[in-house]
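Text of entry02.pdb (PDB, C-alpha atoms, pLDDT in the B column) as supplied:
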```pdb
ATOM      1  CA  MET C   1      27.962 -29.505   5.516  1.00 67.00           C
ATOM      2  CA  MET C   2      30.362 -28.046   8.081  1.00 70.00           C
ATOM      3  CA  THR C   3      27.501 -27.749  10.563  1.00 75.00           C
ATOM      4  CA  VAL C   4      26.492 -31.391  10.200  1.00 79.00           C
ATOM      5  CA  MET C   5      30.057 -32.694  10.316  1.00 80.00           C
ATOM      6  CA  GLY C   6      31.210 -30.410  13.104  1.00 81.00           C
ATOM      7  CA  GLY C   7      28.029 -30.849  15.104  1.00 83.00           C
ATOM      8  CA  SER C   8      28.120 -34.630  15.010  1.00 85.00           C
ATOM      9  CA  LEU C   9      31.827 -34.822  15.802  1.00 87.00           C
ATOM     10  CA  ILE C  10      31.606 -32.327  18.648  1.00 87.00           C
ATOM     11  CA  GLY C  11      28.531 -34.128  19.964  1.00 87.00           C
ATOM     12  CA  LEU C  12      30.521 -37.359  20.096  1.00 87.00           C
ATOM     13  CA  MET C  13      33.470 -35.584  21.727  1.00 90.00           C
ATOM     14  CA  THR C  14      31.223 -33.935  24.313  1.00 88.00           C
ATOM     15  CA  TYR C  15      29.680 -37.289  25.138  1.00 91.00           C
ATOM     16  CA  VAL C  16      33.124 -38.868  25.542  1.00 87.00           C
ATOM     17  CA  ASN C  17      34.291 -35.980  27.751  1.00 85.00           C
ATOM     18  CA  ILE C  18      31.352 -35.650  30.132  1.00 85.00           C
ATOM     19  CA  GLY C  19      28.811 -38.343  29.267  1.00 86.00           C
ATOM     20  CA  TYR C  20      25.098 -37.776  28.915  1.00 89.00           C
ATOM     21  CA  SER C  21      23.476 -35.581  31.548  1.00 85.00           C
ATOM     22  CA  ASP C  22      20.780 -32.955  31.921  1.00 89.00           C
ATOM     23  CA  THR C  23      23.209 -30.334  30.625  1.00 88.00           C
ATOM     24  CA  PHE C  24      24.509 -32.360  27.665  1.00 90.00           C
ATOM     25  CA  PHE C  25      22.791 -30.320  24.955  1.00 91.00           C
ATOM     26  CA  ASN C  26      23.881 -27.033  26.506  1.00 90.00           C
ATOM     27  CA  ASP C  27      27.462 -28.329  26.834  1.00 88.00           C
ATOM     28  CA  TRP C  28      27.372 -29.576  23.227  1.00 88.00           C
ATOM     29  CA  LEU C  29      26.021 -26.256  21.962  1.00 90.00           C
ATOM     30  CA  MET C  30      28.669 -24.244  23.803  1.00 89.00           C
ATOM     31  CA  SER C  31      31.429 -26.534  22.495  1.00 87.00           C
ATOM     32  CA  PHE C  32      29.994 -26.295  18.985  1.00 86.00           C
ATOM     33  CA  LEU C  33      29.840 -22.493  19.106  1.00 86.00           C
ATOM     34  CA  LEU C  34      33.422 -22.306  20.369  1.00 84.00           C
ATOM     35  CA  ALA C  35      34.580 -24.544  17.514  1.00 84.00           C
ATOM     36  CA  ALA C  36      32.446 -22.664  14.982  1.00 84.00           C
ATOM     37  CA  VAL C  37      34.154 -19.411  15.904  1.00 84.00           C
ATOM     38  CA  THR C  38      37.714 -20.707  16.184  1.00 84.00           C
ATOM     39  CA  VAL C  39      38.346 -24.079  14.562  1.00 84.00           C
ATOM     40  CA  MET C  40      36.001 -24.235  11.588  1.00 82.00           C
ATOM     41  CA  PRO C  41      37.126 -20.976   9.930  1.00 84.00           C
ATOM     42  CA  ALA C  42      40.705 -22.209  10.223  1.00 87.00           C
ATOM     43  CA  GLY C  43      39.601 -25.348   8.349  1.00 83.00           C
ATOM     44  CA  PHE C  44      39.198 -23.365   5.134  1.00 82.00           C
ATOM     45  CA  ILE C  45      42.745 -22.055   5.452  1.00 89.00           C
ATOM     46  CA  PHE C  46      44.127 -25.506   6.239  1.00 89.00           C
ATOM     47  CA  MET C  47      42.253 -27.042   3.288  1.00 85.00           C
ATOM     48  CA  ALA C  48      43.821 -24.542   0.893  1.00 87.00           C
ATOM     49  CA  LEU C  49      47.256 -24.943   2.499  1.00 93.00           C
ATOM     50  CA  PHE C  50      47.189 -28.747   2.480  1.00 93.00           C
ATOM     51  CA  THR C  51      45.936 -28.813  -1.114  1.00 89.00           C
ATOM     52  CA  TYR C  52      48.754 -26.508  -2.204  1.00 93.00           C
ATOM     53  CA  VAL C  53      51.462 -28.446  -0.347  1.00 94.00           C
ATOM     54  CA  VAL C  54      50.241 -31.855  -1.544  1.00 94.00           C
ATOM     55  CA  GLN C  55      50.052 -30.629  -5.156  1.00 93.00           C
ATOM     56  CA  ARG C  56      53.606 -29.269  -4.921  1.00 94.00           C
ATOM     57  CA  CYS C  57      55.077 -32.303  -3.139  1.00 94.00           C
ATOM     58  CA  LEU C  58      53.229 -34.970  -5.155  1.00 93.00           C
ATOM     59  CA  PRO C  59      52.742 -33.525  -8.657  1.00 90.00           C
ATOM     60  CA  ASN C  60      52.751 -36.928 -10.392  1.00 92.00           C
ATOM     61  CA  THR C  61      50.117 -38.441  -8.083  1.00 90.00           C
ATOM     62  CA  SER C  62      46.546 -38.742  -9.318  1.00 90.00           C
ATOM     63  CA  GLU C  63      44.087 -36.089  -8.225  1.00 84.00           C
ATOM     64  CA  LYS C  64      42.008 -38.689  -6.391  1.00 85.00           C
ATOM     65  CA  MET C  65      45.013 -39.826  -4.334  1.00 90.00           C
ATOM     66  CA  ARG C  66      45.980 -36.207  -3.562  1.00 89.00           C
ATOM     67  CA  ASN C  67      42.409 -35.549  -2.411  1.00 85.00           C
ATOM     68  CA  ILE C  68      42.532 -38.600  -0.135  1.00 86.00           C
ATOM     69  CA  ILE C  69      45.822 -37.385   1.368  1.00 90.00           C
ATOM     70  CA  VAL C  70      44.343 -33.914   1.907  1.00 87.00           C
ATOM     71  CA  GLY C  71      41.275 -35.531   3.507  1.00 84.00           C
ATOM     72  CA  VAL C  72      43.401 -37.514   5.953  1.00 88.00           C
ATOM     73  CA  LEU C  73      45.484 -34.448   6.847  1.00 90.00           C
ATOM     74  CA  MET C  74      42.331 -32.375   7.316  1.00 86.00           C
ATOM     75  CA  ALA C  75      40.699 -35.028   9.490  1.00 85.00           C
ATOM     76  CA  ILE C  76      43.690 -35.311  11.799  1.00 89.00           C
ATOM     77  CA  THR C  77      44.141 -31.540  12.037  1.00 90.00           C
ATOM     78  CA  MET C  78      40.487 -30.624  12.480  1.00 87.00           C
ATOM     79  CA  GLU C  79      39.743 -33.478  14.864  1.00 88.00           C
ATOM     80  CA  SER C  80      42.692 -32.493  17.036  1.00 91.00           C
ATOM     81  CA  ALA C  81      41.606 -28.857  17.141  1.00 90.00           C
ATOM     82  CA  MET C  82      37.928 -29.670  17.756  1.00 88.00           C
ATOM     83  CA  ALA C  83      38.851 -32.168  20.486  1.00 90.00           C
ATOM     84  CA  LEU C  84      40.991 -29.497  22.146  1.00 91.00           C
ATOM     85  CA  SER C  85      38.277 -26.821  21.986  1.00 89.00           C
ATOM     86  CA  THR C  86      35.701 -29.311  23.297  1.00 88.00           C
ATOM     87  CA  ALA C  87      37.960 -30.422  26.140  1.00 89.00           C
ATOM     88  CA  ILE C  88      38.739 -26.809  27.053  1.00 89.00           C
ATOM     89  CA  ASN C  89      35.023 -25.966  27.079  1.00 86.00           C
ATOM     90  CA  ASN C  90      34.027 -29.028  29.109  1.00 85.00           C
ATOM     91  CA  ILE C  91      37.040 -29.536  31.397  1.00 85.00           C
ATOM     92  CA  GLY C  92      38.860 -26.206  31.488  1.00 85.00           C
ATOM     93  CA  PHE C  93      42.465 -25.534  32.358  1.00 87.00           C
ATOM     94  CA  SER C  94      42.345 -26.694  35.984  1.00 85.00           C
ATOM     95  CA  SER C  95      44.593 -29.687  35.293  1.00 89.00           C
ATOM     96  CA  ASN C  96      46.870 -30.159  32.309  1.00 90.00           C
ATOM     97  CA  ALA C  97      46.780 -33.933  32.746  1.00 92.00           C
ATOM     98  CA  ALA C  98      42.967 -34.025  32.785  1.00 91.00           C
ATOM     99  CA  LEU C  99      42.807 -31.693  29.773  1.00 91.00           C
ATOM    100  CA  PHE C 100      45.262 -33.877  27.844  1.00 93.00           C
ATOM    101  CA  ASN C 101      43.416 -37.096  28.755  1.00 93.00           C
ATOM    102  CA  HIS C 102      40.025 -35.691  27.748  1.00 90.00           C
ATOM    103  CA  TRP C 103      41.506 -34.288  24.530  1.00 92.00           C
ATOM    104  CA  LEU C 104      43.062 -37.644  23.658  1.00 93.00           C
ATOM    105  CA  ASP C 105      39.918 -39.623  24.522  1.00 92.00           C
ATOM    106  CA  ALA C 106      37.749 -37.323  22.401  1.00 91.00           C
ATOM    107  CA  LEU C 107      40.218 -37.379  19.521  1.00 92.00           C
ATOM    108  CA  LEU C 108      40.500 -41.166  19.447  1.00 92.00           C
ATOM    109  CA  ALA C 109      36.735 -41.622  19.723  1.00 91.00           C
ATOM    110  CA  ALA C 110      35.878 -39.192  16.925  1.00 89.00           C
ATOM    111  CA  LEU C 111      38.810 -39.805  14.571  1.00 88.00           C
ATOM    112  CA  PRO C 112      37.279 -42.789  12.709  1.00 89.00           C
ATOM    113  CA  LEU C 113      34.115 -40.804  11.988  1.00 88.00           C
ATOM    114  CA  GLY C 114      36.147 -37.722  11.107  1.00 84.00           C
ATOM    115  CA  LEU C 115      38.406 -39.645   8.726  1.00 84.00           C
ATOM    116  CA  THR C 116      35.396 -41.134   6.981  1.00 85.00           C
ATOM    117  CA  LEU C 117      33.620 -37.793   6.623  1.00 83.00           C
ATOM    118  CA  MET C 118      36.717 -35.900   5.468  1.00 80.00           C
ATOM    119  CA  ILE C 119      37.699 -38.483   2.861  1.00 79.00           C
ATOM    120  CA  ILE C 120      34.149 -38.504   1.470  1.00 81.00           C
ATOM    121  CA  THR C 121      34.180 -34.694   1.435  1.00 79.00           C
ATOM    122  CA  SER C 122      37.602 -34.580  -0.230  1.00 77.00           C
ATOM    123  CA  LEU C 123      36.501 -36.980  -2.960  1.00 79.00           C
ATOM    124  CA  THR C 124      33.056 -35.513  -3.672  1.00 82.00           C
ATOM    125  CA  ILE C 125      32.566 -31.927  -2.533  1.00 77.00           C
ATOM    126  CA  LYS C 126      36.115 -30.526  -2.732  1.00 73.00           C
ATOM    127  CA  PRO C 127      36.563 -31.248  -6.473  1.00 76.00           C
ATOM    128  CA  LYS C 128      33.209 -29.610  -7.232  1.00 77.00           C
ATOM    129  CA  ILE C 129      34.125 -26.497  -5.269  1.00 75.00           C
ATOM    130  CA  GLU C 130      37.516 -26.309  -6.995  1.00 73.00           C
ATOM    131  CA  HIS C 131      35.864 -26.709 -10.413  1.00 75.00           C
ATOM    132  CA  PHE C 132      33.353 -23.982  -9.579  1.00 76.00           C
ATOM    133  CA  LEU C 133      36.107 -21.593  -8.399  1.00 71.00           C
ATOM    134  CA  LYS C 134      38.156 -22.189 -11.564  1.00 75.00           C
ATOM    135  CA  SER C 135      35.243 -21.338 -13.870  1.00 73.00           C
TER     136      SER C 135
END
```

Go through the file and emit its structure as structure tokens.
Amino acid sequence: MMTVMGGSLIGLMTYVNIGYSDTFFNDWLMSFLLAAVTVMPAGFIFMALFTYVVQRCLPNTSEKMRNIIVGVLMAITMESAMALSTAINNIGFSSNAALFNHWLDALLAALPLGLTLMIITSLTIKPKIEHFLKS
């Protein structure tokens, strides 16, 4: 699931950053591998952290609503981190302004897809994983 979600989002971000060219698939793969090593493992930690904080701050809220809130927080966090790793891979650190602009463009382009995927994941897969871990 992480591969499909991350791969599609990073593909979109790579396209927004550099467009389609002869090296697109190589650029996408390198961005995906960078995110797979850095951003995606952090996603598991953030998911647990956000779940804990939302449960503590909103104990009287329904589980479905808490899962939606966690999904939105995860989407914003993960999209920001993946957009940054993609922009760093594709643009580099030569110009802070260019890096920021490419990060922002990639984030805004992929955020609607990321929000949709993370909310669906939070409402369907996350409860099943939590149930499995409790048993």

Write out as a PDB file with C-alpha atoms, in the frame of the given file which residues come within 9 Å of Thr77 in chain C when counting all atoms listed in the file, dropping same-chain ones fewer than 4 positions away.
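For reference, part.pdb as written:
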```
ATOM      1  CA  GLY C  43      39.601 -25.348   8.349  1.00 83.00           C
ATOM      2  CA  PHE C  46      44.127 -25.506   6.239  1.00 89.00           C
ATOM      3  CA  VAL C  72      43.401 -37.514   5.953  1.00 88.00           C
ATOM      4  CA  LEU C  73      45.484 -34.448   6.847  1.00 90.00           C
ATOM      5  CA  ALA C  81      41.606 -28.857  17.141  1.00 90.00           C
ATOM      6  CA  MET C  82      37.928 -29.670  17.756  1.00 88.00           C
TER       7      MET C  82
END
```

Target residues per the PyMOL selection byres ((chain C and resi 87-104) around 8), formatted as a compact mmCIF listing (two decimals) with C-alpha atoms, in the coordinates of the input:
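Output below, filename expr_33.txt:
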```
# COMPACT_ATOMS: atom_id res chain seq x y z
CA THR C 14 31.22 -33.94 24.31
CA VAL C 16 33.12 -38.87 25.54
CA ASN C 17 34.29 -35.98 27.75
CA ILE C 18 31.35 -35.65 30.13
CA ASP C 27 27.46 -28.33 26.83
CA MET C 30 28.67 -24.24 23.80
CA SER C 31 31.43 -26.53 22.50
CA LEU C 34 33.42 -22.31 20.37
CA SER C 80 42.69 -32.49 17.04
CA ALA C 83 38.85 -32.17 20.49
CA LEU C 84 40.99 -29.50 22.15
CA SER C 85 38.28 -26.82 21.99
CA THR C 86 35.70 -29.31 23.30
CA ASP C 105 39.92 -39.62 24.52
CA ALA C 106 37.75 -37.32 22.40
CA LEU C 107 40.22 -37.38 19.52
CA LEU C 108 40.50 -41.17 19.45
```

Handout entry: Interatomic distance (Å, one decimal) between CA of Gly114 in chain C and CA of Leu9 in chain C
Key =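 Calculated distance between CA of Gly114 in chain C and CA of Leu9 in chain C is 7.0 Å.
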
Practice task
One decimal, Å: what's the distance from CA of Met74 in chain C over to CA of Glu130 in chain C, could you say?
Solution key: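 These two atoms are separated by 16.3 Å.
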
List every residue of range 90-133 of chain C that has an atom at most 12 Å from any atom of range 52-65 of chain C, and for each one report the closest atom pair and its distance in Å to one decimal, counting only C-alpha atoms, with rows sorted by chain and then by increasing residue number, as a tab-separated table.
```
residue	atom	partner	partner_atom	distance
C:Ile119	CA	C:Lys64	CA	10.2
C:Ile120	CA	C:Lys64	CA	11.1
C:Thr121	CA	C:Lys64	CA	11.8
C:Ser122	CA	C:Lys64	CA	8.6
C:Leu123	CA	C:Lys64	CA	6.7
C:Thr124	CA	C:Lys64	CA	9.9
C:Lys126	CA	C:Lys64	CA	10.7
C:Pro127	CA	C:Glu63	CA	9.1
C:Glu130	CA	C:Glu63	CA	11.8
```

Practice task
For range 1-8 of chain C, list every protein, DNA or RNA residue within 10 Å, evaluated using all atoms listed in the file, and leave out those in the same chain fewer than 2 positions away; present the list as a list in words.
Solution key: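 The filter keeps Ile10, Gly11, Leu12, Met13, Thr14, Trp28, Leu29, Ser31, Phe32, Leu33, Ala35, Ala36, Val39, Met40, Pro41, Gly43, Met78, Glu79, Met82, Ala110, Leu113, Gly114, Leu117, Met118, Thr121 and Ile125 of chain C.
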
Exercise for the section: Choose the residue, out of C:Ile45, C:Val70, C:Ile76, C:Leu133, that has the smallest atom-to-atom separation from Leu115 in chain C; count only C-alpha atoms. Expected result: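 That would be C:Ile76, the residue with the smallest distance to Leu115 in chain C.
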
Problem - Shortest interatomic distance to Thr116 in chain C - which of C:Lys134, C:Ala48, C:Ile68, C:Lys128, counting all atoms listed in the file - result: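 Using all atoms listed in the file, the shortest distance to Thr116 in chain C belongs to C:Ile68.
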
Handout entry: Interatomic distance (Å, one decimal) between CA of Leu111 in chain C and CA of Tyr15 in chain C
Key =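 Going from CA of Leu111 in chain C over to CA of Tyr15 in chain C covers 14.2 Å.
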
Can you sort out the box for range 73-81 of chain C, edges along x, y and z, all listed atoms in, 3 Å on every side, with centre and edge lengths in Å to one decimal, as AutoDock Vina command-line options?
```
--center_x 42.6 --center_y -32.1 --center_z 12.0 --size_x 11.7 --size_y 12.5 --size_z 16.3
```

Practice task
Counting all atoms listed in the file, figure out which residue out of C:Phe50, C:Ala75, C:Arg66, C:Ser21 gets nearest to Pro112 in chain C.
Solution key: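 So, comparing all the options, the nearest one is C:Ala75.
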
So that I can look at just that part, could you write range 98-134 of chain C with N, CA and C atoms, as a PDB file, in the first residue's frame?
```pdb
ATOM      1  N   ALA C  98      14.332  28.514  -5.432  1.00  0.00           N
ATOM      2  CA  ALA C  98      13.879  27.491  -6.387  1.00  0.00           C
ATOM      3  C   ALA C  98      13.432  26.232  -5.650  1.00  0.00           C
ATOM      4  N   LEU C  99      14.193  25.839  -4.627  1.00  0.00           N
ATOM      5  CA  LEU C  99      13.817  24.655  -3.840  1.00  0.00           C
ATOM      6  C   LEU C  99      12.462  24.865  -3.177  1.00  0.00           C
ATOM      7  N   PHE C 100      12.253  26.027  -2.572  1.00  0.00           N
ATOM      8  CA  PHE C 100      10.975  26.320  -1.926  1.00  0.00           C
ATOM      9  C   PHE C 100       9.832  26.318  -2.940  1.00  0.00           C
ATOM     10  N   ASN C 101      10.034  26.957  -4.089  1.00  0.00           N
ATOM     11  CA  ASN C 101       8.978  27.014  -5.109  1.00  0.00           C
ATOM     12  C   ASN C 101       8.626  25.634  -5.641  1.00  0.00           C
ATOM     13  N   HIS C 102       9.628  24.801  -5.896  1.00  0.00           N
ATOM     14  CA  HIS C 102       9.356  23.448  -6.382  1.00  0.00           C
ATOM     15  C   HIS C 102       8.699  22.597  -5.303  1.00  0.00           C
ATOM     16  N   TRP C 103       9.124  22.787  -4.046  1.00  0.00           N
ATOM     17  CA  TRP C 103       8.485  22.073  -2.936  1.00  0.00           C
ATOM     18  C   TRP C 103       7.010  22.455  -2.843  1.00  0.00           C
ATOM     19  N   LEU C 104       6.733  23.746  -2.879  1.00  0.00           N
ATOM     20  CA  LEU C 104       5.362  24.230  -2.749  1.00  0.00           C
ATOM     21  C   LEU C 104       4.496  23.779  -3.929  1.00  0.00           C
ATOM     22  N   ASP C 105       5.024  23.869  -5.136  1.00  0.00           N
ATOM     23  CA  ASP C 105       4.270  23.419  -6.312  1.00  0.00           C
ATOM     24  C   ASP C 105       3.929  21.940  -6.224  1.00  0.00           C
ATOM     25  N   ALA C 106       4.915  21.132  -5.828  1.00  0.00           N
ATOM     26  CA  ALA C 106       4.685  19.683  -5.712  1.00  0.00           C
ATOM     27  C   ALA C 106       3.694  19.386  -4.593  1.00  0.00           C
ATOM     28  N   LEU C 107       3.821  20.069  -3.483  1.00  0.00           N
ATOM     29  CA  LEU C 107       2.912  19.857  -2.362  1.00  0.00           C
ATOM     30  C   LEU C 107       1.474  20.189  -2.745  1.00  0.00           C
ATOM     31  N   LEU C 108       1.271  21.342  -3.353  1.00  0.00           N
ATOM     32  CA  LEU C 108      -0.085  21.759  -3.713  1.00  0.00           C
ATOM     33  C   LEU C 108      -0.694  20.884  -4.804  1.00  0.00           C
ATOM     34  N   ALA C 109       0.142  20.357  -5.695  1.00  0.00           N
ATOM     35  CA  ALA C 109      -0.371  19.491  -6.751  1.00  0.00           C
ATOM     36  C   ALA C 109      -0.771  18.122  -6.211  1.00  0.00           C
ATOM     37  N   ALA C 110      -0.001  17.598  -5.265  1.00  0.00           N
ATOM     38  CA  ALA C 110      -0.240  16.240  -4.780  1.00  0.00           C
ATOM     39  C   ALA C 110      -1.130  16.181  -3.541  1.00  0.00           C
ATOM     40  N   LEU C 111      -1.344  17.300  -2.873  1.00  0.00           N
ATOM     41  CA  LEU C 111      -2.108  17.282  -1.628  1.00  0.00           C
ATOM     42  C   LEU C 111      -3.537  16.765  -1.791  1.00  0.00           C
ATOM     43  N   PRO C 112      -4.290  17.134  -2.823  1.00  0.00           N
ATOM     44  CA  PRO C 112      -5.642  16.569  -2.939  1.00  0.00           C
ATOM     45  C   PRO C 112      -5.637  15.040  -3.061  1.00  0.00           C
ATOM     46  N   LEU C 113      -4.732  14.505  -3.844  1.00  0.00           N
ATOM     47  CA  LEU C 113      -4.626  13.049  -3.964  1.00  0.00           C
ATOM     48  C   LEU C 113      -4.164  12.437  -2.645  1.00  0.00           C
ATOM     49  N   GLY C 114      -3.209  13.062  -2.006  1.00  0.00           N
ATOM     50  CA  GLY C 114      -2.712  12.565  -0.723  1.00  0.00           C
ATOM     51  C   GLY C 114      -3.776  12.584   0.362  1.00  0.00           C
ATOM     52  N   LEU C 115      -4.551  13.660   0.426  1.00  0.00           N
ATOM     53  CA  LEU C 115      -5.638  13.726   1.413  1.00  0.00           C
ATOM     54  C   LEU C 115      -6.656  12.614   1.179  1.00  0.00           C
ATOM     55  N   THR C 116      -7.008  12.411  -0.062  1.00  0.00           N
ATOM     56  CA  THR C 116      -7.972  11.355  -0.392  1.00  0.00           C
ATOM     57  C   THR C 116      -7.443   9.985   0.009  1.00  0.00           C
ATOM     58  N   LEU C 117      -6.209   9.688  -0.372  1.00  0.00           N
ATOM     59  CA  LEU C 117      -5.632   8.379  -0.058  1.00  0.00           C
ATOM     60  C   LEU C 117      -5.470   8.169   1.447  1.00  0.00           C
ATOM     61  N   MET C 118      -5.009   9.196   2.163  1.00  0.00           N
ATOM     62  CA  MET C 118      -4.790   9.036   3.598  1.00  0.00           C
ATOM     63  C   MET C 118      -6.096   8.917   4.372  1.00  0.00           C
ATOM     64  N   ILE C 119      -7.125   9.616   3.970  1.00  0.00           N
ATOM     65  CA  ILE C 119      -8.407   9.485   4.669  1.00  0.00           C
ATOM     66  C   ILE C 119      -8.989   8.096   4.424  1.00  0.00           C
ATOM     67  N   ILE C 120      -8.906   7.610   3.190  1.00  0.00           N
ATOM     68  CA  ILE C 120      -9.387   6.255   2.898  1.00  0.00           C
ATOM     69  C   ILE C 120      -8.596   5.240   3.713  1.00  0.00           C
ATOM     70  N   THR C 121      -7.277   5.409   3.764  1.00  0.00           N
ATOM     71  CA  THR C 121      -6.431   4.500   4.542  1.00  0.00           C
ATOM     72  C   THR C 121      -6.772   4.565   6.022  1.00  0.00           C
ATOM     73  N   SER C 122      -6.974   5.763   6.543  1.00  0.00           N
ATOM     74  CA  SER C 122      -7.288   5.926   7.966  1.00  0.00           C
ATOM     75  C   SER C 122      -8.634   5.315   8.337  1.00  0.00           C
ATOM     76  N   LEU C 123      -9.564   5.311   7.393  1.00  0.00           N
ATOM     77  CA  LEU C 123     -10.895   4.769   7.693  1.00  0.00           C
ATOM     78  C   LEU C 123     -11.008   3.270   7.417  1.00  0.00           C
ATOM     79  N   THR C 124     -10.147   2.716   6.586  1.00  0.00           N
ATOM     80  CA  THR C 124     -10.286   1.298   6.243  1.00  0.00           C
ATOM     81  C   THR C 124      -9.133   0.443   6.766  1.00  0.00           C
ATOM     82  N   ILE C 125      -7.919   0.785   6.429  1.00  0.00           N
ATOM     83  CA  ILE C 125      -6.787  -0.074   6.766  1.00  0.00           C
ATOM     84  C   ILE C 125      -6.316   0.115   8.198  1.00  0.00           C
ATOM     85  N   LYS C 126      -6.225   1.359   8.659  1.00  0.00           N
ATOM     86  CA  LYS C 126      -5.721   1.648  10.005  1.00  0.00           C
ATOM     87  C   LYS C 126      -6.530   0.935  11.095  1.00  0.00           C
ATOM     88  N   PRO C 127      -7.863   0.970  11.061  1.00  0.00           N
ATOM     89  CA  PRO C 127      -8.605   0.246  12.109  1.00  0.00           C
ATOM     90  C   PRO C 127      -8.347  -1.269  12.086  1.00  0.00           C
ATOM     91  N   LYS C 128      -8.161  -1.835  10.908  1.00  0.00           N
ATOM     92  CA  LYS C 128      -7.890  -3.267  10.823  1.00  0.00           C
ATOM     93  C   LYS C 128      -6.523  -3.600  11.401  1.00  0.00           C
ATOM     94  N   ILE C 129      -5.546  -2.755  11.137  1.00  0.00           N
ATOM     95  CA  ILE C 129      -4.209  -2.988  11.692  1.00  0.00           C
ATOM     96  C   ILE C 129      -4.244  -2.849  13.214  1.00  0.00           C
ATOM     97  N   GLU C 130      -4.932  -1.836  13.715  1.00  0.00           N
ATOM     98  CA  GLU C 130      -5.046  -1.652  15.160  1.00  0.00           C
ATOM     99  C   GLU C 130      -5.760  -2.836  15.813  1.00  0.00           C
ATOM    100  N   HIS C 131      -6.813  -3.336  15.187  1.00  0.00           N
ATOM    101  CA  HIS C 131      -7.535  -4.492  15.718  1.00  0.00           C
ATOM    102  C   HIS C 131      -6.625  -5.726  15.745  1.00  0.00           C
ATOM    103  N   PHE C 132      -5.862  -5.913  14.677  1.00  0.00           N
ATOM    104  CA  PHE C 132      -4.952  -7.046  14.603  1.00  0.00           C
ATOM    105  C   PHE C 132      -3.881  -6.953  15.692  1.00  0.00           C
ATOM    106  N   LEU C 133      -3.325  -5.757  15.912  1.00  0.00           N
ATOM    107  CA  LEU C 133      -2.276  -5.578  16.920  1.00  0.00           C
ATOM    108  C   LEU C 133      -2.806  -5.756  18.341  1.00  0.00           C
ATOM    109  N   LYS C 134      -4.075  -5.439  18.563  1.00  0.00           N
ATOM    110  CA  LYS C 134      -4.659  -5.605  19.901  1.00  0.00           C
ATOM    111  C   LYS C 134      -4.949  -7.064  20.224  1.00  0.00           C
TER     112      LYS C 134
END
```
